[in-house]
Amino acid sequence: MSLIKLENVKKIYQTGEIPVTALNEISFTIERQTFVSFIGPSGSGKSTILNLIGSLDKPTSGNVIVDNVNVATLDRSNAAMFRGSTIGFVFQNFNLIPVLSVYENVEYPLLLIKQIPVSERRERIHSLLEKVGMIDYRNKYPNQISGGQKQRVAIARALVTNPKIVLADEPTANLDHKTAFKVITIMHEMQKTFGTTFIFSTHDPKIVGEAEIIYTLEDGAIVNQEIKQKG
Amino acid sequence: MINLIKIAVRNLFRYKRRTILTSSLIAFGVVLVIVFGGLAISFKTQMVGVITNTALGDLQVHKKGYVESIDNLPLNISLSDSEYADVERSLKAMPEIAAYSPRIKFGAMISNYVQTSNIRLTAIYPELESNTLPDLIKRIKSDIGDKKNFLKQGEILVPENLMKGLSLKVGDEIVLIATNKDGSVNGIPVRIAAMMENVLGPSGKDGYIHIADAMSLLRMEKPEIIEVAIKLKQFDQLGKVHENLKKALSQQPTQKEVHTWEQLSPFASIARIVDLLILVVKFILISIVLVSVLNIMTMSVYERISEIGTIAAIGTRPSRILTMFLMEGFTMGLLSNFIGVLVGVGVLLLMDTTSINFTFGQMNVTLAPDIPYSEILLTTVIVMLVSIFASLQPAYKASRMEPVDALGHV
Ligand SMILES: Nc1ncnc2c1ncn2[C@@H]1O[C@H](COP(=O)(O)OP(=O)(O)O)[C@@H](O)[C@H]1O
Ligand SMILES: [Mg+2]
């Protein structure tokens with residue numbers, strides 16, 4: 001059983017007079033513990049795919065099965081719980097909570113899951129902050145650190161609940177090239193360390209090289225699939 | 001929960017100036033209620049105290065129909081010997097009653113042999129009267145040796161305004177002239193024992209004489225009691241005792257009437273206006289809290305749309321987002337209320353140390369407001385509830401946002 005399975009997924013946005021077809025009958029599967037990338041120009045449907053996998057949105061038709069759950073069947077509250085336990089998010093704009101410190105930002109998703117004891121919580125946060133190289137910044141607030149640092153904290157936050165999947169929609173779009181590359185490298189390292197399935201999207205062909213599986217999107221359809229040797 | 005409070009407080013202090021401004025506005029409303037409430041309640045209790053303890057008593061019993069024509073001071077609507085005995089029996093049977101005092105009230109002429117004027121007289125048994133109206137002797141302005149026996153037979157206590165009007169002095173001999181209920185006129189000489197301070201309301205400017213003197217002036221064989229003033233052990237039992245006494249008296253062969261001080265004194269309506277004003281001030285507070293919390297929370301939600309999207313995306317359930325914003329509004333109210341209570345109590349304590357004096361209808365009133373604990377509690381509850389209520393709509397809006405749309409909002 002694949003971790004993620006999309007079957008004939010169609011997504012049509014109905015805004016105003018003309019309906020926009022963002023995804024046109026696409027199907028694919030993603031296996032556990034892979035490092036996957038979606039590349040394509042702006043408007044090709046990358047965000048739409050990631051939002052569907054992340055149960056942030058529902059398909060117009062077709063099925064989106066994630067970890068044996070049909071995301072279309074979840075109500076708002078259950079979708080939130082599903083995201084909290086199964087999926088980690090890394091955003092283009094970093095989206096750290098400004099009133100929380102680096103440490104507290106990483107802690108936040110854990111507080112939504114009640115059953116984790118305090119000592120284990122501390123340990124997990126510390127070890128993650130160490131791995132992404134942000135442990136010395138744990139008491140800083142988001143407005144006191146750089147974009148690359150923010151994204152590292154965001155990666156730690158996405159991983160803290162041990163999710164099966166981490167979704168990163170254009171995580172490097174707001175970073176310079178060198179920093180972007182570092183962030184992708186950290187993501188790849190984490191993927192190897194924790195066996196998490198990482199899915200990121202980008203429109204930048206230069207950083208996509210790190211991915212093991214690369215889907216190329218154009219106008220809401222997958223036009224190419226490239227599988228590299230696991231390394 | 002602790003985490004939600006932490007986030008709420010930090011978000012409030014994120015926009016310091018705005019929070020401080022709104023907070024001060026709410027705190028100001030709270031101060032207004034506490035200070036005004038404290039002053040008004042203190043004014044009311046003092047006034048009610050003066051009226052019930054120096055003039056009217058808590059309750060009064062008359063023969064049926066007397067209060068209706070009270071302005072004429074009719075002598076024929078009185079309690080006969082046996083009727084008064086009936087009333088006494090009922091009063092003695094009620095353990096809530098501390099004391100009572102029978103009175104004969106009538107209009108008379110007072111003359112210093114040169115000038116003559118009208119006077120309203122209350123004839124009393126001094127000991128019963130001072131048991132019933134414990135503060136009556138405080139109204140006696142002149143020095144009297146024996147406080148217990150402040151009025152002897154052959155003496156009169158003259159109200160301030162008449163003393164001045166007729167240029168009378170303590171110790172002067174004057175003549176009282178009155179018409180009895182059969183129409184015959186009589187006069188007796190009396191000596192001025194002391195001057196009485198005027199107070200607000202009926203009997204506030206009465207002269208006092210001994211019942212024995214009234215009987216001889218009005219040529220009565222036996223005392224024909226006009227009214228019985230009653231003092232309760234506990235003032236807050238007024239309503240209950242009033243009802244019970246009415247019931248007890250209605251069993252008797254002839255009809256009597258019972259009135260509370262509120263029904264007899266014009267101050268009761270002033271007291272009601274004061275209560276109404278307190279209510280109005282509370283409504284102002286409610287509006288202030290409602291508008292300012294609604295305003296600040298609406299702004300908070302709109303400024304933080306993408307943040308709401310983020311926390312929703314990473315797994316915060318809608319109900320928790322709702323709670324988070326409710327908590328923020330609640331914290332705002334709680335904080336402002338706390339400041340308001342501190343300042344309000346501070347102002348009242350300051351007033352206590354300076355003790356403001358003023359005259360109200362010839363009465364000297366000292367405003368030494370008590371801390372109105374029940375008002376503070378009520379105000380706190382109001383502010384809390386209204387803050388939560390005002391946050392409901394913005395918080396609900398936040399909890400209903402679609403994470404995708406909210407995330408896309410910059
Ligand atoms: N909320 C929306 N309302 C209307 N059209 C949308 C919405 N989101 C995306 N689209 C449209 O769907 C298409 C795919 O968008 P998107 O998935 O965001 O592409 P990408 O992330 O590759 O830039 C685009 O044509 C875009 O205009
Ligand atoms: Mg996109």
# chains A, B, ... in the order shown; residues from 1 in each chain; ligands from 1
>>> interface_residues(of="chain B", to="chain A", cutoff="7 Å", atoms="only C-alpha atoms", output="CSV table (one decimal) with N, CA and C atoms, in the first residue's frame")
chain,number,residue,atom,x,y,z
B,7,ILE,N,-0.1,32.8,25.0
B,7,ILE,CA,-0.2,33.3,23.6
B,7,ILE,C,-1.1,34.5,23.6
B,10,ARG,N,0.7,37.5,25.2
B,10,ARG,CA,1.8,38.0,24.3
B,10,ARG,C,1.2,38.8,23.1
B,11,ASN,N,0.1,38.2,22.6
B,11,ASN,CA,-0.5,38.9,21.4
B,11,ASN,C,-1.0,40.2,21.8
B,307,GLU,N,-1.5,34.1,10.1
B,307,GLU,CA,-1.1,33.3,11.3
B,307,GLU,C,-2.1,32.3,11.7
B,310,THR,N,-1.7,29.5,9.5
B,310,THR,CA,-0.6,28.6,9.9
B,310,THR,C,-0.9,27.7,11.0
B,312,ALA,N,-3.8,26.7,11.9
B,312,ALA,CA,-4.8,25.7,11.5
B,312,ALA,C,-4.1,24.6,10.7
B,313,ALA,N,-3.2,25.0,9.8
B,313,ALA,CA,-2.6,24.1,8.9
B,313,ALA,C,-1.8,23.1,9.7
B,314,ILE,N,-1.1,23.5,10.8
B,314,ILE,CA,-0.2,22.6,11.5
B,314,ILE,C,-1.0,21.8,12.6
B,315,GLY,N,-2.3,21.9,12.5
B,315,GLY,CA,-3.1,21.0,13.3
B,315,GLY,C,-3.9,21.5,14.4
B,316,THR,N,-4.1,22.9,14.5
B,316,THR,CA,-4.9,23.5,15.6
B,316,THR,C,-6.4,23.3,15.1
B,317,ARG,N,-7.2,22.7,16.0
B,317,ARG,CA,-8.6,22.5,15.7
B,317,ARG,C,-9.3,23.8,15.8
B,318,PRO,N,-10.4,24.0,15.0
B,318,PRO,CA,-11.2,25.2,15.0
B,318,PRO,C,-11.6,25.6,16.4
B,403,PRO,N,-8.0,27.2,6.1
B,403,PRO,CA,-6.5,27.3,6.2
B,403,PRO,C,-5.9,27.7,4.9
B,404,VAL,N,-6.3,27.2,3.8
B,404,VAL,CA,-5.7,27.5,2.5
B,404,VAL,C,-5.9,29.0,2.2
>>> residues_near_ligand(ligand="ligand 1", cutoff="7 Å", atoms="only C-alpha atoms and all ligand atoms", output="NGL selection string")
(:A and (13-15 or 20-22 or 40-49 or 220)) or (:B and (405))
>>> write_last_selection(atoms="C-alpha atoms", output="short mmCIF file (atom, residue, chain, number, x, y, z; two decimals), in the first residue's frame")
data_model
loop_
_atom_site.label_atom_id
_atom_site.label_comp_id
_atom_site.auth_asym_id
_atom_site.auth_seq_id
_atom_site.Cartn_x
_atom_site.Cartn_y
_atom_site.Cartn_z
CA TYR A 13 -11.53 26.60 -8.92
CA GLN A 14 -14.78 28.40 -9.45
CA THR A 15 -14.04 32.06 -8.94
CA VAL A 20 -10.03 27.42 -13.65
CA THR A 21 -8.87 23.83 -13.96
CA ALA A 22 -5.87 23.63 -11.63
CA GLY A 40 6.86 23.43 -12.70
CA PRO A 41 6.21 27.04 -13.61
CA SER A 42 4.02 29.28 -11.54
CA GLY A 43 0.37 28.28 -11.91
CA SER A 44 1.11 24.73 -12.98
CA GLY A 45 -0.68 23.24 -9.94
CA LYS A 46 2.14 22.51 -7.47
CA SER A 47 0.46 24.18 -4.49
CA THR A 48 -2.85 22.59 -5.34
CA ILE A 49 -1.32 19.11 -5.22
CA GLY A 220 -2.28 20.87 -14.11
CA ASP B 405 -7.35 30.88 2.01
#
>>> residues_around(residues="Val66 in chain A", least_positions_apart="3", cutoff="6 Å", atoms="only C-alpha atoms", output="list of chain:residue names")
A:Leu3, A:Ile4, A:Val69
>>> select_by_dssp(residues="range 2-182 of chain A", states="strand (DSSP E)", output="ChimeraX atom specification")
/A:4-14,19-30,35-39,61-66,69-70,87-90,165-169
>>> residues_around(residues="range 149-153 of chain A", least_positions_apart="5", cutoff="12 Å", atoms="only C-alpha atoms", output="VMD selection string")
chain A and resid 89 to 98 100 to 108 125 to 126 128 to 144 158 to 160 168 to 175 179 to 187 190
>>> residues_around(residues="Ile209 in chain B", least_positions_apart="2", cutoff="12 Å", atoms="only C-alpha atoms", output="MDAnalysis selection string")
chainID B and resid 103:106 108 119:126 129 150:159 176 188:194 206:207 211:217
>>> residues_around(residues="Ile278 in chain B", least_positions_apart="3", cutoff="9 Å", atoms="only C-alpha atoms", output="list in words")
Val33, Phe36, Gly37, Ala40, Ile273, Val274, Asp275, Val281, Lys282 and Phe283 of chain B
>>> write_last_selection(atoms="N, CA and C atoms", output="PDB file, in the first residue's frame")
ATOM      1  N   VAL B  33     -17.735  53.247  37.532  1.00  0.00           N
ATOM      2  CA  VAL B  33     -18.755  52.467  38.239  1.00  0.00           C
ATOM      3  C   VAL B  33     -18.413  52.352  39.719  1.00  0.00           C
ATOM      4  N   PHE B  36     -18.455  56.017  41.436  1.00  0.00           N
ATOM      5  CA  PHE B  36     -19.829  56.511  41.477  1.00  0.00           C
ATOM      6  C   PHE B  36     -20.693  55.610  42.348  1.00  0.00           C
ATOM      7  N   GLY B  37     -20.521  54.293  42.176  1.00  0.00           N
ATOM      8  CA  GLY B  37     -21.277  53.340  42.986  1.00  0.00           C
ATOM      9  C   GLY B  37     -20.980  53.516  44.462  1.00  0.00           C
ATOM     10  N   ALA B  40     -22.510  56.851  45.635  1.00  0.00           N
ATOM     11  CA  ALA B  40     -23.974  56.831  45.619  1.00  0.00           C
ATOM     12  C   ALA B  40     -24.520  55.940  46.731  1.00  0.00           C
ATOM     13  N   ILE B 273     -33.780  57.231  41.967  1.00  0.00           N
ATOM     14  CA  ILE B 273     -33.068  57.898  40.872  1.00  0.00           C
ATOM     15  C   ILE B 273     -31.575  57.589  40.967  1.00  0.00           C
ATOM     16  N   VAL B 274     -31.059  57.588  42.204  1.00  0.00           N
ATOM     17  CA  VAL B 274     -29.650  57.246  42.396  1.00  0.00           C
ATOM     18  C   VAL B 274     -29.382  55.833  41.884  1.00  0.00           C
ATOM     19  N   ASP B 275     -30.291  54.903  42.230  1.00  0.00           N
ATOM     20  CA  ASP B 275     -30.144  53.526  41.745  1.00  0.00           C
ATOM     21  C   ASP B 275     -30.146  53.479  40.224  1.00  0.00           C
ATOM     22  N   VAL B 281     -24.740  54.157  34.587  1.00  0.00           N
ATOM     23  CA  VAL B 281     -23.277  54.103  34.538  1.00  0.00           C
ATOM     24  C   VAL B 281     -22.817  52.689  34.171  1.00  0.00           C
ATOM     25  N   LYS B 282     -23.534  51.678  34.694  1.00  0.00           N
ATOM     26  CA  LYS B 282     -23.170  50.299  34.351  1.00  0.00           C
ATOM     27  C   LYS B 282     -23.399  50.027  32.869  1.00  0.00           C
ATOM     28  N   PHE B 283     -24.475  50.587  32.345  1.00  0.00           N
ATOM     29  CA  PHE B 283     -24.728  50.407  30.915  1.00  0.00           C
ATOM     30  C   PHE B 283     -23.637  51.062  30.085  1.00  0.00           C
TER      31      PHE B 283
END
>>> atom_distance(atom1="CA of Gly38 in chain B", atom2="CA of Thr260 in chain B")
25.0 Å
>>> closest_residue(among="A:Ser146, A:Gln191, A:Tyr215, A:Phe38", to="ligand 2", atoms="only C-alpha atoms and all ligand atoms")
A:Phe38
>>> closest_residue(among="A:Leu167, A:Leu50, A:Thr34, A:Phe28", to="ligand 2", atoms="only C-alpha atoms and all ligand atoms")
A:Leu50
>>> atom_distance(atom1="CA of Ser306 in chain B", atom2="CA of Gly62 in chain A")
28.9 Å
>>> closest_residue(among="A:Arg32, A:Gly16, A:Ala156, A:Thr202", to="ligand 2", atoms="only C-alpha atoms and all ligand atoms")
A:Thr202
>>> residues_around(residues="Glu25 in chain A", least_positions_apart="3", cutoff="9 Å", atoms="only C-alpha atoms", output="PDB file with N, CA and C atoms, in the first residue's frame")
ATOM      1  N   GLU A   7      -5.926   9.402  -7.407  1.00  0.00           N
ATOM      2  CA  GLU A   7      -6.582   8.708  -8.519  1.00  0.00           C
ATOM      3  C   GLU A   7      -7.481   9.671  -9.265  1.00  0.00           C
ATOM      4  N   ASN A   8      -7.164   9.916 -10.508  1.00  0.00           N
ATOM      5  CA  ASN A   8      -7.993  10.761 -11.383  1.00  0.00           C
ATOM      6  C   ASN A   8      -8.443  12.056 -10.697  1.00  0.00           C
ATOM      7  N   VAL A   9      -7.490  12.721 -10.085  1.00  0.00           N
ATOM      8  CA  VAL A   9      -7.852  13.896  -9.295  1.00  0.00           C
ATOM      9  C   VAL A   9      -8.019  15.123 -10.183  1.00  0.00           C
ATOM     10  N   LYS A  10      -9.172  15.728 -10.017  1.00  0.00           N
ATOM     11  CA  LYS A  10      -9.475  16.941 -10.748  1.00  0.00           C
ATOM     12  C   LYS A  10      -9.707  18.042  -9.721  1.00  0.00           C
ATOM     13  N   LYS A  11      -9.149  19.231  -9.978  1.00  0.00           N
ATOM     14  CA  LYS A  11      -9.444  20.350  -9.091  1.00  0.00           C
ATOM     15  C   LYS A  11      -9.800  21.550  -9.944  1.00  0.00           C
ATOM     16  N   SER A  61     -13.047  16.150  -8.045  1.00  0.00           N
ATOM     17  CA  SER A  61     -13.418  14.750  -8.251  1.00  0.00           C
ATOM     18  C   SER A  61     -12.165  13.909  -8.143  1.00  0.00           C
ATOM     19  N   GLY A  62     -12.331  12.601  -8.035  1.00  0.00           N
ATOM     20  CA  GLY A  62     -11.192  11.717  -7.843  1.00  0.00           C
ATOM     21  C   GLY A  62     -10.910  11.507  -6.371  1.00  0.00           C
ATOM     22  N   GLY A 220      -1.452  21.797 -14.883  1.00  0.00           N
ATOM     23  CA  GLY A 220      -2.275  20.872 -14.105  1.00  0.00           C
ATOM     24  C   GLY A 220      -2.147  19.427 -14.523  1.00  0.00           C
ATOM     25  N   ALA A 221      -1.090  19.115 -15.219  1.00  0.00           N
ATOM     26  CA  ALA A 221      -0.882  17.724 -15.593  1.00  0.00           C
ATOM     27  C   ALA A 221       0.579  17.363 -15.377  1.00  0.00           C
TER      28      ALA A 221
END
>>> atom_distance(atom1="CA of Thr52 in chain B", atom2="CA of Val87 in chain B")
20.4 Å
